[in-house]
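S.K.: start.txt (compact mmCIF, C-alpha atoms) pasted underneath:
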```
# COMPACT_ATOMS: atom_id res chain seq x y z
CA MET A 680 8.63 1.50 5.58
CA GLN A 681 5.86 0.77 7.99
CA ILE A 682 3.70 3.41 9.60
CA ASN A 683 1.45 2.89 12.58
CA TRP A 684 -0.67 6.02 12.68
CA GLN A 685 -2.12 5.15 16.08
CA LEU A 686 1.28 4.96 17.74
CA ARG A 687 2.82 7.46 15.31
CA GLU A 688 5.59 5.00 14.64
CA LEU A 689 7.70 5.17 11.52
CA ASN A 690 9.72 2.00 10.92
CA LEU A 691 12.52 2.08 8.39
CA LYS A 692 14.52 -0.84 7.04
CA ILE A 693 18.15 -0.43 6.05
CA VAL A 694 20.09 -3.37 4.62
CA TYR A 695 23.88 -3.75 4.65
CA TYR A 696 24.87 -5.50 1.43
CA GLY A 697 28.27 -6.47 0.04
CA PRO A 698 30.71 -9.27 -0.71
CA ALA A 699 31.66 -11.95 1.79
CA LEU A 700 33.85 -10.79 4.67
CA SER A 701 33.62 -7.13 3.68
CA GLY A 702 32.54 -6.11 7.20
CA LYS A 703 28.75 -5.94 7.15
CA THR A 704 28.33 -7.78 10.44
CA THR A 705 31.20 -5.75 11.94
CA ASN A 706 29.29 -2.55 11.12
CA LEU A 707 26.26 -3.79 13.04
CA ALA A 708 28.41 -5.04 15.91
CA GLN A 709 30.03 -1.62 16.19
CA ILE A 710 26.68 0.14 16.12
CA HIS A 711 25.43 -2.25 18.78
CA ALA A 712 28.47 -1.52 20.94
CA ARG A 713 28.33 2.25 20.54
CA VAL A 714 24.64 2.99 20.87
CA ASP A 715 23.11 3.56 24.27
CA PRO A 716 21.44 0.23 25.20
CA ALA A 717 18.24 2.11 26.03
CA HIS A 718 17.98 3.00 22.36
CA ARG A 719 18.74 -0.31 20.70
CA SER A 720 17.63 -3.93 20.66
CA ASP A 721 19.87 -6.93 21.13
CA LEU A 722 21.87 -7.95 18.09
CA VAL A 723 20.22 -10.95 16.47
CA SER A 724 22.63 -13.06 14.42
CA LEU A 725 21.84 -16.22 12.52
CA LYS A 726 25.31 -17.65 11.97
CA THR A 727 26.92 -20.86 10.84
CA ARG A 728 29.28 -22.81 13.13
CA GLU A 729 32.11 -20.99 11.40
CA ASP A 730 30.72 -17.66 12.60
CA ARG A 731 29.63 -16.65 9.10
CA THR A 732 26.25 -15.05 8.50
CA LEU A 733 23.75 -17.71 7.50
CA PHE A 734 20.60 -15.65 7.05
CA PHE A 735 20.99 -12.17 8.50
CA ASP A 736 22.03 -10.04 11.46
CA PHE A 737 19.49 -7.63 12.85
CA LEU A 738 19.53 -4.60 15.13
CA GLN A 739 16.81 -2.07 15.89
CA LEU A 740 17.56 1.54 16.83
CA GLU A 741 15.05 3.81 18.54
CA LEU A 742 15.69 7.53 18.19
CA GLY A 743 13.09 8.84 20.60
CA LYS A 744 10.40 11.30 19.57
CA ILE A 745 11.22 13.37 16.51
CA SER A 746 8.77 15.94 15.21
CA ASN A 747 5.49 14.08 15.61
CA LEU A 748 7.03 10.66 15.11
CA THR A 749 8.54 7.78 17.00
CA PRO A 750 11.02 6.46 14.46
CA LYS A 751 12.61 3.03 14.62
CA ILE A 752 15.40 2.03 12.31
CA HIS A 753 15.81 -1.65 11.50
CA LEU A 754 19.29 -2.63 10.37
CA TYR A 755 19.88 -5.90 8.57
CA THR A 756 22.89 -7.55 6.97
CA VAL A 757 22.74 -10.11 4.20
CA PRO A 758 24.97 -13.19 4.01
CA GLY A 759 27.80 -12.29 1.64
CA GLN A 760 28.75 -15.74 0.42
CA SER A 761 27.54 -16.38 -3.13
CA TYR A 762 25.88 -19.61 -1.98
CA TYR A 763 23.21 -17.64 -0.10
CA GLU A 764 21.71 -15.69 -2.99
CA ALA A 765 18.12 -16.68 -2.13
CA SER A 766 18.58 -15.50 1.46
CA ARG A 767 19.96 -12.17 0.29
CA ARG A 768 16.91 -11.57 -1.82
CA LEU A 769 14.58 -12.28 1.11
CA VAL A 770 16.41 -9.87 3.38
CA LEU A 771 16.61 -7.17 0.73
CA GLN A 772 12.91 -7.06 0.04
CA GLY A 773 11.16 -4.14 1.63
CA ALA A 774 14.40 -2.24 2.18
CA ASP A 775 14.07 1.53 2.40
CA GLY A 776 17.79 1.99 1.87
CA VAL A 777 20.97 0.03 1.28
CA VAL A 778 24.53 0.39 2.52
CA PHE A 779 26.90 -1.36 0.16
CA VAL A 780 29.96 -2.38 2.17
CA ALA A 781 32.83 -2.71 -0.29
CA ASP A 782 36.09 -4.43 0.62
CA SER A 783 38.96 -2.05 -0.14
CA ALA A 784 41.55 -4.82 -0.51
CA PRO A 785 42.90 -4.71 -4.09
CA GLU A 786 42.29 -8.43 -4.55
CA CYS A 787 38.61 -7.92 -3.68
CA LEU A 788 37.85 -5.56 -6.54
CA ASN A 789 36.24 -8.30 -8.58
CA ALA A 790 34.23 -9.57 -5.59
CA ASN A 791 32.91 -6.04 -5.07
CA MET A 792 31.83 -5.82 -8.69
CA VAL A 793 30.15 -9.22 -8.60
CA SER A 794 28.30 -8.34 -5.40
CA TRP A 795 27.26 -4.94 -6.79
CA ARG A 796 25.84 -6.56 -9.92
CA ASP A 797 24.09 -9.15 -7.77
CA MET A 798 22.53 -6.35 -5.72
CA GLU A 799 21.36 -4.57 -8.85
CA THR A 800 19.78 -7.79 -10.08
CA GLN A 801 18.01 -8.40 -6.78
CA LEU A 802 16.75 -4.82 -6.66
CA ALA A 803 15.51 -5.08 -10.23
CA SER A 804 13.42 -8.09 -9.25
CA PHE A 805 11.57 -5.72 -6.89
CA ASP A 806 11.38 -3.04 -9.59
CA LEU A 807 13.99 -0.99 -7.75
CA SER A 808 17.37 0.33 -8.73
CA VAL A 809 20.27 2.22 -7.22
CA ASP A 810 18.83 5.28 -8.97
CA THR A 811 15.50 5.06 -7.13
CA LEU A 812 16.50 3.59 -3.77
CA PRO A 813 18.77 5.44 -1.32
CA VAL A 814 22.17 3.74 -1.50
CA VAL A 815 25.40 4.65 0.28
CA VAL A 816 28.72 2.93 -0.42
CA GLN A 817 31.14 2.30 2.41
CA CYS A 818 34.73 1.53 1.41
CA ASN A 819 35.75 -0.58 4.37
CA LYS A 820 39.20 -1.82 5.46
CA GLN A 821 40.94 1.41 4.52
CA ASP A 822 43.65 0.50 7.04
CA ILE A 823 45.05 -2.45 5.12
CA ARG A 824 48.20 -2.16 3.02
CA GLY A 825 47.44 -1.06 -0.53
CA ALA A 826 43.78 -0.34 0.23
CA LEU A 827 41.95 1.03 -2.79
CA PRO A 828 40.89 4.64 -2.26
CA PRO A 829 37.13 5.32 -2.38
CA ALA A 830 37.56 7.17 -5.70
CA ARG A 831 38.98 4.01 -7.30
CA ILE A 832 36.11 1.87 -6.01
CA GLN A 833 33.66 4.49 -7.26
CA GLN A 834 35.28 4.31 -10.65
CA MET A 835 35.16 0.52 -10.84
CA LEU A 836 31.52 0.35 -9.77
CA HIS A 837 30.51 3.34 -11.93
CA ILE A 838 28.83 5.03 -8.98
CA TYR A 839 29.96 8.61 -9.33
CA THR A 840 26.79 10.14 -7.90
CA LEU A 841 26.41 7.97 -4.81
CA PRO A 842 27.86 8.96 -1.43
CA THR A 843 31.03 6.93 -0.93
CA LEU A 844 32.59 6.90 2.53
CA PRO A 845 35.88 5.48 3.80
CA ALA A 846 35.79 3.23 6.86
CA VAL A 847 37.67 0.94 9.16
CA ALA A 848 34.72 -0.83 10.71
CA THR A 849 36.79 -2.93 13.12
CA GLN A 850 37.84 0.34 14.77
CA GLY A 851 34.42 1.93 14.43
CA LYS A 852 35.77 4.51 11.97
CA GLY A 853 33.25 5.58 9.36
CA VAL A 854 30.53 3.36 10.82
CA PHE A 855 28.46 6.19 12.25
CA ASP A 856 29.03 8.45 9.24
CA THR A 857 27.71 5.69 7.00
CA LEU A 858 24.68 5.05 9.20
CA LYS A 859 23.89 8.74 9.34
CA ALA A 860 24.34 9.22 5.59
CA ILE A 861 21.96 6.42 4.66
CA THR A 862 19.41 7.40 7.32
CA LEU A 863 19.23 10.98 6.09
CA ARG A 864 18.79 9.83 2.50
CA VAL A 865 16.05 7.43 3.51
CA VAL A 866 14.24 10.12 5.49
CA ALA A 867 14.47 12.49 2.52
CA ARG A 868 12.94 9.85 0.28
CA VAL A 869 10.13 9.15 2.75
CA GLN A 870 9.37 12.86 2.83
CA ASN A 871 9.32 13.03 -0.95
CA GLU A 872 6.95 10.10 -1.15
CA ALA A 873 4.68 11.61 1.51
CA ALA A 874 4.63 14.90 -0.36
CA MET A 875 3.62 13.17 -3.59
CA ALA A 876 0.97 10.95 -1.95
CA MET B 417 5.77 -14.06 -21.11
CA LYS B 418 6.71 -13.41 -17.53
CA LYS B 419 4.65 -10.63 -16.02
CA LYS B 420 6.39 -7.69 -14.43
CA MET B 421 5.55 -6.37 -10.99
CA THR B 422 4.24 -3.21 -12.60
CA ASP B 423 1.60 -5.12 -14.56
CA PRO B 424 -1.84 -4.54 -13.00
CA ASP B 425 -2.61 -8.26 -12.82
CA PHE B 426 0.80 -9.29 -11.58
CA ILE B 427 0.48 -12.05 -8.99
CA ASN B 428 3.50 -13.76 -7.52
CA PRO B 429 2.99 -15.60 -4.26
CA VAL B 430 6.57 -15.23 -3.13
CA GLU B 431 6.65 -11.47 -3.50
CA MET B 432 5.94 -9.88 -0.15
CA PRO B 433 5.62 -6.17 -0.69
CA SER B 434 6.96 -4.77 2.52
CA GLY B 435 5.73 -1.49 3.86
CA ILE B 436 2.37 -1.10 5.47
CA SER B 437 0.51 1.82 6.92
CA LEU B 438 -2.12 1.16 9.58
CA HIS B 439 -4.87 3.77 9.85
CA PRO B 440 -6.32 4.14 13.39
CA VAL B 441 -9.56 2.52 12.24
CA GLN B 442 -7.63 -0.45 10.89
CA ASP B 443 -5.53 -0.57 14.03
CA ALA B 444 -8.68 -0.82 16.15
CA ALA B 445 -10.08 -3.55 13.89
CA VAL B 446 -6.81 -5.49 14.14
CA ASP B 447 -7.06 -5.24 17.93
CA ARG B 448 -10.57 -6.67 17.89
CA VAL B 449 -9.60 -9.57 15.62
CA LEU B 450 -6.57 -10.45 17.75
CA ASP B 451 -8.54 -10.22 21.01
CA ASP B 452 -11.08 -12.58 19.52
CA LEU B 453 -8.33 -15.02 18.52
CA MET B 454 -6.78 -14.90 22.00
CA GLU B 455 -10.09 -15.74 23.59
CA LYS B 456 -11.38 -18.38 21.20
CA THR B 457 -8.19 -20.42 20.77
CA PRO B 458 -7.30 -19.81 23.69
CA ALA B 459 -3.82 -18.53 22.89
CA LEU B 460 -0.93 -17.85 25.22
CA PHE B 461 0.73 -15.34 22.94
CA VAL B 462 -0.07 -13.66 19.64
CA LEU B 463 2.25 -11.55 17.49
CA LEU B 464 1.28 -9.81 14.28
CA ALA B 465 4.23 -8.62 12.21
CA GLU B 466 4.61 -6.87 8.92
CA ALA B 467 6.19 -9.14 6.30
CA GLY B 468 9.51 -7.35 6.75
CA GLY B 469 9.57 -8.19 10.47
CA GLN B 470 8.28 -4.99 12.01
CA ILE B 471 5.92 -5.47 14.94
CA LEU B 472 2.30 -4.50 14.37
CA ALA B 473 0.55 -5.91 17.44
CA VAL B 474 1.20 -8.19 20.39
CA ARG B 475 -1.09 -9.99 22.81
CA GLY B 476 -0.20 -11.92 25.97
CA GLY B 477 3.05 -13.67 26.76
CA LYS B 478 6.03 -12.71 28.85
CA HIS B 479 8.57 -12.29 26.09
CA ALA B 480 8.68 -8.49 26.28
CA SER B 481 12.44 -8.18 25.91
CA ASP B 482 12.55 -10.60 22.98
CA ILE B 483 9.61 -9.40 20.93
CA VAL B 484 11.67 -7.34 18.49
CA ALA B 485 13.95 -10.30 17.80
CA LEU B 486 11.04 -12.70 17.70
CA SER B 487 9.17 -10.55 15.20
CA THR B 488 12.16 -10.43 12.87
CA LEU B 489 12.72 -14.16 13.11
CA VAL B 490 9.04 -14.99 12.58
CA ALA B 491 8.90 -12.88 9.43
CA SER B 492 12.14 -14.35 8.14
CA ASP B 493 10.99 -17.85 8.96
CA MET B 494 7.85 -17.29 6.93
CA ALA B 495 9.79 -15.72 4.08
CA ALA B 496 12.13 -18.71 3.95
CA SER B 497 9.22 -21.12 4.25
CA ARG B 498 7.46 -19.45 1.32
CA GLU B 499 10.57 -19.69 -0.78
CA ILE B 500 11.03 -23.38 0.07
CA ALA B 501 7.39 -23.99 -0.84
CA ARG B 502 7.85 -22.15 -4.11
CA LEU B 503 11.00 -24.09 -5.02
CA THR B 504 9.23 -27.38 -4.36
CA ASN B 505 6.03 -26.28 -6.13
CA GLN B 506 4.08 -26.61 -2.88
CA TYR B 507 3.16 -22.99 -2.33
CA ARG B 508 -0.41 -22.08 -1.58
CA THR B 509 -1.92 -18.94 -0.13
CA GLY B 510 -2.25 -18.88 3.63
CA GLN B 511 0.44 -21.45 4.30
CA MET B 512 1.26 -22.30 7.87
CA VAL B 513 4.29 -23.52 9.77
CA LEU B 514 3.58 -25.59 12.89
CA ARG B 515 6.14 -26.28 15.60
CA GLU B 516 5.26 -28.76 18.30
CA GLY B 517 6.97 -28.00 21.61
CA PRO B 518 6.97 -29.83 24.93
CA ASP B 519 4.41 -27.53 26.58
CA SER B 520 2.96 -25.52 23.74
CA ASN B 521 2.69 -25.38 19.98
CA THR B 522 3.45 -22.41 17.79
CA PHE B 523 1.81 -21.56 14.51
CA THR B 524 3.14 -19.12 11.96
CA THR B 525 0.89 -18.18 9.08
CA GLU B 526 0.50 -15.57 6.41
CA ALA B 527 -2.09 -12.90 7.05
CA GLY B 528 -2.38 -11.87 3.43
CA PRO B 529 0.72 -11.00 1.46
CA ARG B 530 1.86 -8.23 3.78
CA MET B 531 1.66 -9.63 7.29
CA VAL B 532 2.65 -12.66 9.32
CA LEU B 533 0.72 -14.01 12.30
CA PHE B 534 2.47 -15.98 15.05
CA VAL B 535 0.43 -17.76 17.70
CA ARG B 536 1.48 -19.83 20.69
CA ALA B 537 -1.11 -22.15 22.23
CA ALA B 538 -1.01 -24.74 25.00
CA LYS B 539 -0.60 -28.41 24.02
CA GLU B 540 -4.16 -29.04 25.18
CA VAL B 541 -5.57 -26.92 22.36
CA PRO B 542 -6.46 -29.29 19.51
CA LEU B 543 -4.19 -28.70 16.51
CA GLY B 544 -7.05 -28.80 14.01
CA TRP B 545 -9.06 -26.24 15.93
CA ALA B 546 -6.10 -23.92 16.35
CA ARG B 547 -5.13 -24.24 12.70
CA LEU B 548 -8.65 -23.47 11.49
CA LEU B 549 -9.01 -20.48 13.77
CA ILE B 550 -5.59 -19.03 13.04
CA GLN B 551 -5.96 -19.33 9.28
CA GLU B 552 -9.36 -17.67 9.43
CA THR B 553 -7.87 -14.91 11.57
CA GLY B 554 -5.12 -14.46 9.00
CA ARG B 555 -7.75 -13.94 6.32
CA GLN B 556 -9.66 -11.46 8.48
CA LEU B 557 -6.53 -9.46 9.19
CA ALA B 558 -5.65 -9.36 5.51
CA ASP B 559 -9.14 -8.04 4.77
CA VAL B 560 -8.82 -5.38 7.46
CA VAL B 561 -5.59 -4.04 6.01
CA ALA B 562 -6.81 -4.28 2.42
CA ALA B 563 -10.02 -2.36 3.17
CA PRO B 564 -10.00 1.23 1.93
CA HIS B 565 -9.88 3.96 4.51
CA ASP B 566 -9.87 7.72 4.57
CA ASN B 567 -6.61 9.30 3.64
CA VAL B 568 -4.58 10.62 6.50
CA GLU B 569 -2.62 13.74 5.84
CA ALA B 570 1.14 13.34 6.01
CA LEU B 571 0.97 16.47 8.13
CA GLU B 572 -0.35 14.47 11.06
CA LEU B 573 2.89 12.53 11.30
CA GLY B 574 5.07 15.56 10.87
CA LEU B 575 6.55 14.23 7.64
CA ASP B 576 6.29 17.73 6.21
CA GLU B 577 8.71 19.05 8.82
CA GLU B 578 11.33 20.96 6.85
CA LYS B 579 14.16 20.00 9.13
CA LEU B 580 13.16 16.36 9.51
CA SER B 581 16.43 15.01 8.11
CA ALA B 582 18.42 17.25 10.43
CA LEU B 583 16.29 16.13 13.37
CA PHE B 584 16.99 12.50 12.51
CA GLY B 585 20.68 13.36 12.33
CA ASP B 586 20.50 14.96 15.78
CA GLY B 587 18.65 11.91 17.06
CA LEU B 588 21.42 9.63 15.85
CA ASP B 589 24.09 11.92 17.31
CA SER B 590 22.39 11.77 20.69
CA ILE B 591 22.42 7.97 20.98
CA TRP B 592 25.97 7.45 19.68
CA LYS B 593 28.88 6.93 22.07
CA GLU B 594 32.41 7.39 20.67
```
Any chance you could give the structure as structure tokens?
M.R.:
Amino acid sequence: MQINWQLRELNLKIVYYGPALSGKTTNLAQIHARVDPAHRSDLVSLKTREDRTLFFDFLQLELGKISNLTPKIHLYTVPGQSYYEASRRLVLQGADGVVFVADSAPECLNANMVSWRDMETQLASFDLSVDTLPVVVQCNKQDIRGALPPARIQQMLHIYTLPTLPAVATQGKGVFDTLKAITLRVVARVQNEAAMA
Amino acid sequence: MKKKMTDPDFINPVEMPSGISLHPVQDAAVDRVLDDLMEKTPALFVLLAEAGGQILAVRGGKHASDIVALSTLVASDMAASREIARLTNQYRTGQMVLREGPDSNTFTTEAGPRMVLFVRAAKEVPLGWARLLIQETGRQLADVVAAPHDNVEALELGLDEEKLSALFGDGLDSIWKE
């Protein structure tokens, strides 16, 4: 979170985390495509030649004046491939909230668990946890044959108290609901922190 | 024993605590420091970003449409550079990345642990002079942000608004096209 009192700007950082090819970049691409261009930046993507995320994707949303604030929401993705652990940690630092994009394909259950544990480890290095940081889980690719239902993914990740939303990001389904869910949780946390300050 | 981040004397050069709140007095001081840098270098363009990539201040240049992207990339560049330095045991406070271009040079440096300063200067500006000035500016900016200031009530930003979450939700609804 960054506040510029002079400009009354509140900047929030939300990171899309998850295993390789789970649809993190697709989420940002859909948001980019569906948000009025006057209220968003260009989509910045640092990709490999194979069109895989190398460092991160980035998109900024501007919501216009709310209450006494001019909020800006910064959306980042991390590279999902295990090779890029150091990059993930760099992108994750300073996050105000995390969307964990799980792959609902049955064969990806283990990859989801590995990525979830990796996220917990990275958060712990910043003295954060899924209990203290707003986290929303998106169960993507619900359209594929044999897709695991969100309840099953919840069970495997032991995340019974976290919001878990179904999605088909390639079709834009569930993308906005996820964005809204994490944003509202982040705002609630910011308010709590402000009240305690 | 490895110190934890919660220990009072915890120091880890690669940790960049993101999140920064600029009081109006600090904002004005930052403006003065950056104006001074623009004039003395002289610089073509100056960008001050929070370590997480959020823009804090901009001077000069004609990159208006790219500043958001540039800010993110500058901060990420510095974060990666820090990590490389750490892995090769070459990290030191106030490190700088220099890029020599055909017409101008760019300098990216830490401004304390929480900010990144990016400066573009013409080729004619001596590298040593620019480096000295930019690193000193980085230190000044870090001091400005670290200096204590009067508390500002959360009320002033409207963070106490009861329906703030709902207002954010409405804001998102209004910019979304199905």
S.K.: Box in all listed atoms of region 575-586 of chain B, axis-aligned, with 4 Å more on each side; write out centre and edge lengths in Å to one decimal as JSON.
M.R.:
```
{"center_x": 13.5, "center_y": 16.7, "center_z": 11.0, "size_x": 22.4, "size_y": 16.5, "size_z": 17.6}
```
S.K.: Show which residues sit within 8 Å of His711 (chain A), as a VMD selection string. Count only C-alpha atoms, and ignore same-chain residues fewer than 5 positions away.
M.R.: chain A and resid 716 719 721 to 722 738
S.K.: Counting only C-alpha atoms, which residues from chain A have an atom at most 7 Å from any atom of chain B, and could you show them as an MDAnalysis selection string?
M.R.: chainID A and resid 680:685 687 713:715 718 723 742 745:748 769 772:773 806 859 863 866:867 870 873
S.K.: Compare A:Arg824, A:Gly851, A:Thr756, A:His837 by their minimum atom-to-atom distance to Trp795 (chain A), counting all atoms listed in the file, and give me the closest one.
M.R.: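 Nearest to Trp795 (chain A): A:His837.
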S.K.: What is the distance between CA of Leu771 (chain A) and CA of Ile832 (chain A), in Å to one decimal?
M.R.: 22.5 Å
S.K.: With only C-alpha atoms as the basis for distance, which of A:Val815, A:Leu700, A:Ala717, A:Ala712 is at the shortest distance from Ala784 (chain A)?
M.R.: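 Closest to Ala784 (chain A) of all the choices is A:Leu700.
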S.K.: Using all atoms listed in the file, determine which residues lie at most 9 Å from region 540-550 of chain B, disregarding the query and same-chain residues fewer than 3 positions distant; provide the list as a PyMOL selection string.
M.R.: chain B and resi 453+456-459+512+514+519-521+523-525+533-535+537+553-555
S.K.: Of the residues A:Val770, A:Ala848, A:Leu836, A:Leu858, which is the one nearest to Ala708 (chain A), using only C-alpha atoms?
M.R.: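 Residue with the minimum atom-to-atom distance to Ala708 (chain A): A:Ala848.
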S.K.: Give me, please, the distance in Å between CA of Phe779 (chain A) and CA of Tyr696 (chain A), quoted to one decimal.
M.R.: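 CA of Tyr696 (chain A) lies 4.8 Å from CA of Phe779 (chain A).
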S.K.: If I take CA of Arg768 (chain A) and CA of Met875 (chain A), how far is one from the other in Å, to one decimal?
M.R.: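 Between CA of Arg768 (chain A) and CA of Met875 (chain A) the gap is 28.1 Å.
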S.K.: List as a PyMOL selection string the protein and nucleic acid residues near Arg767 (chain A), meaning an atom at most 7 Å away when all atoms listed in the file are counted, but skip any in the same chain fewer than 4 places from it.
M.R.: chain A and resi 757-758+763+771
S.K.: Find the residue from A:Ala803, A:Ser808, A:Asn791, A:Lys751 that sits nearest to Gln834 (chain A); use only C-alpha atoms when measuring.
M.R.: A:Asn791
S.K.: Can you tell me which residues surround Thr705 (chain A) at a distance of at most 12 Å, considering only C-alpha atoms, apart from same-chain residues fewer than 5 positions away, and format the answer as a VMD selection string?
M.R.: chain A and resid 695 699 to 700 710 to 712 722 724 730 to 732 736 to 737 755 to 756 780 819 to 820 846 to 854
S.K.: Output the selection as a PDB file, in the frame of the given file - C-alpha atoms for each residue.
M.R.:
```pdb
ATOM      1  CA  TYR A 695      23.880  -3.750   4.650  1.00  0.00           C
ATOM      2  CA  ALA A 699      31.660 -11.950   1.790  1.00  0.00           C
ATOM      3  CA  LEU A 700      33.850 -10.790   4.670  1.00  0.00           C
ATOM      4  CA  ILE A 710      26.680   0.140  16.120  1.00  0.00           C
ATOM      5  CA  HIS A 711      25.430  -2.250  18.780  1.00  0.00           C
ATOM      6  CA  ALA A 712      28.470  -1.520  20.940  1.00  0.00           C
ATOM      7  CA  LEU A 722      21.870  -7.950  18.090  1.00  0.00           C
ATOM      8  CA  SER A 724      22.630 -13.060  14.420  1.00  0.00           C
ATOM      9  CA  ASP A 730      30.720 -17.660  12.600  1.00  0.00           C
ATOM     10  CA  ARG A 731      29.630 -16.650   9.100  1.00  0.00           C
ATOM     11  CA  THR A 732      26.250 -15.050   8.500  1.00  0.00           C
ATOM     12  CA  ASP A 736      22.030 -10.040  11.460  1.00  0.00           C
ATOM     13  CA  PHE A 737      19.490  -7.630  12.850  1.00  0.00           C
ATOM     14  CA  TYR A 755      19.880  -5.900   8.570  1.00  0.00           C
ATOM     15  CA  THR A 756      22.890  -7.550   6.970  1.00  0.00           C
ATOM     16  CA  VAL A 780      29.960  -2.380   2.170  1.00  0.00           C
ATOM     17  CA  ASN A 819      35.750  -0.580   4.370  1.00  0.00           C
ATOM     18  CA  LYS A 820      39.200  -1.820   5.460  1.00  0.00           C
ATOM     19  CA  ALA A 846      35.790   3.230   6.860  1.00  0.00           C
ATOM     20  CA  VAL A 847      37.670   0.940   9.160  1.00  0.00           C
ATOM     21  CA  ALA A 848      34.720  -0.830  10.710  1.00  0.00           C
ATOM     22  CA  THR A 849      36.790  -2.930  13.120  1.00  0.00           C
ATOM     23  CA  GLN A 850      37.840   0.340  14.770  1.00  0.00           C
ATOM     24  CA  GLY A 851      34.420   1.930  14.430  1.00  0.00           C
ATOM     25  CA  LYS A 852      35.770   4.510  11.970  1.00  0.00           C
ATOM     26  CA  GLY A 853      33.250   5.580   9.360  1.00  0.00           C
ATOM     27  CA  VAL A 854      30.530   3.360  10.820  1.00  0.00           C
TER      28      VAL A 854
END
```
S.K.: Counting all atoms listed in the file, what is within 9 Å of region 474-476 of chain B, bar same-chain residues fewer than 6 positions away, as a list in words?
M.R.: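 The neighbour list is Leu450, Asp451, Met454, Ala459, Leu460, Phe461, Val462, Leu463, Leu464, Ala465 and Ile483 of chain B.
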S.K.: Closest to Met835 (chain A) among A:Met792, A:Val869, A:Leu807, A:Asp775, using all atoms listed in the file?
M.R.: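 Closest to Met835 (chain A), using all atoms listed in the file: A:Met792.
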S.K.: Assuming the input is short of atoms at region 496-500 of chain B, produce all heavy atoms for that part as a short mmCIF file (atom, residue, chain, number, x, y, z; two decimals), keeping the file's coordinate frame.
M.R.:
```
data_model
loop_
_atom_site.label_atom_id
_atom_site.label_comp_id
_atom_site.auth_asym_id
_atom_site.auth_seq_id
_atom_site.Cartn_x
_atom_site.Cartn_y
_atom_site.Cartn_z
N ALA B 496 11.36 -17.54 4.39
CA ALA B 496 12.13 -18.71 3.95
C ALA B 496 11.20 -19.87 3.63
O ALA B 496 11.39 -20.59 2.64
CB ALA B 496 13.13 -19.10 5.04
N SER B 497 10.17 -20.04 4.45
CA SER B 497 9.22 -21.12 4.25
C SER B 497 8.49 -20.97 2.91
O SER B 497 8.27 -21.93 2.18
CB SER B 497 8.22 -21.14 5.41
OG SER B 497 7.27 -22.12 5.22
N ARG B 498 8.11 -19.73 2.61
CA ARG B 498 7.46 -19.45 1.32
C ARG B 498 8.38 -19.84 0.17
O ARG B 498 7.94 -20.42 -0.83
CB ARG B 498 7.20 -17.95 1.18
CG ARG B 498 5.96 -17.42 1.75
CD ARG B 498 5.92 -15.96 1.35
NE ARG B 498 5.00 -15.21 2.17
CZ ARG B 498 4.01 -14.51 1.65
NH1 ARG B 498 3.81 -14.48 0.36
NH2 ARG B 498 3.21 -13.82 2.44
N GLU B 499 9.63 -19.45 0.31
CA GLU B 499 10.57 -19.69 -0.78
C GLU B 499 10.80 -21.20 -0.96
O GLU B 499 10.90 -21.69 -2.08
CB GLU B 499 11.89 -18.97 -0.47
CG GLU B 499 12.84 -18.84 -1.63
CD GLU B 499 12.31 -17.95 -2.75
OE1 GLU B 499 11.25 -17.32 -2.58
OE2 GLU B 499 12.95 -17.92 -3.82
N ILE B 500 10.87 -21.92 0.14
CA ILE B 500 11.03 -23.38 0.07
C ILE B 500 9.81 -23.97 -0.62
O ILE B 500 9.93 -24.83 -1.51
CB ILE B 500 11.18 -23.98 1.49
CG1 ILE B 500 12.51 -23.55 2.10
CG2 ILE B 500 11.07 -25.51 1.45
CD1 ILE B 500 12.63 -23.80 3.59
#
```
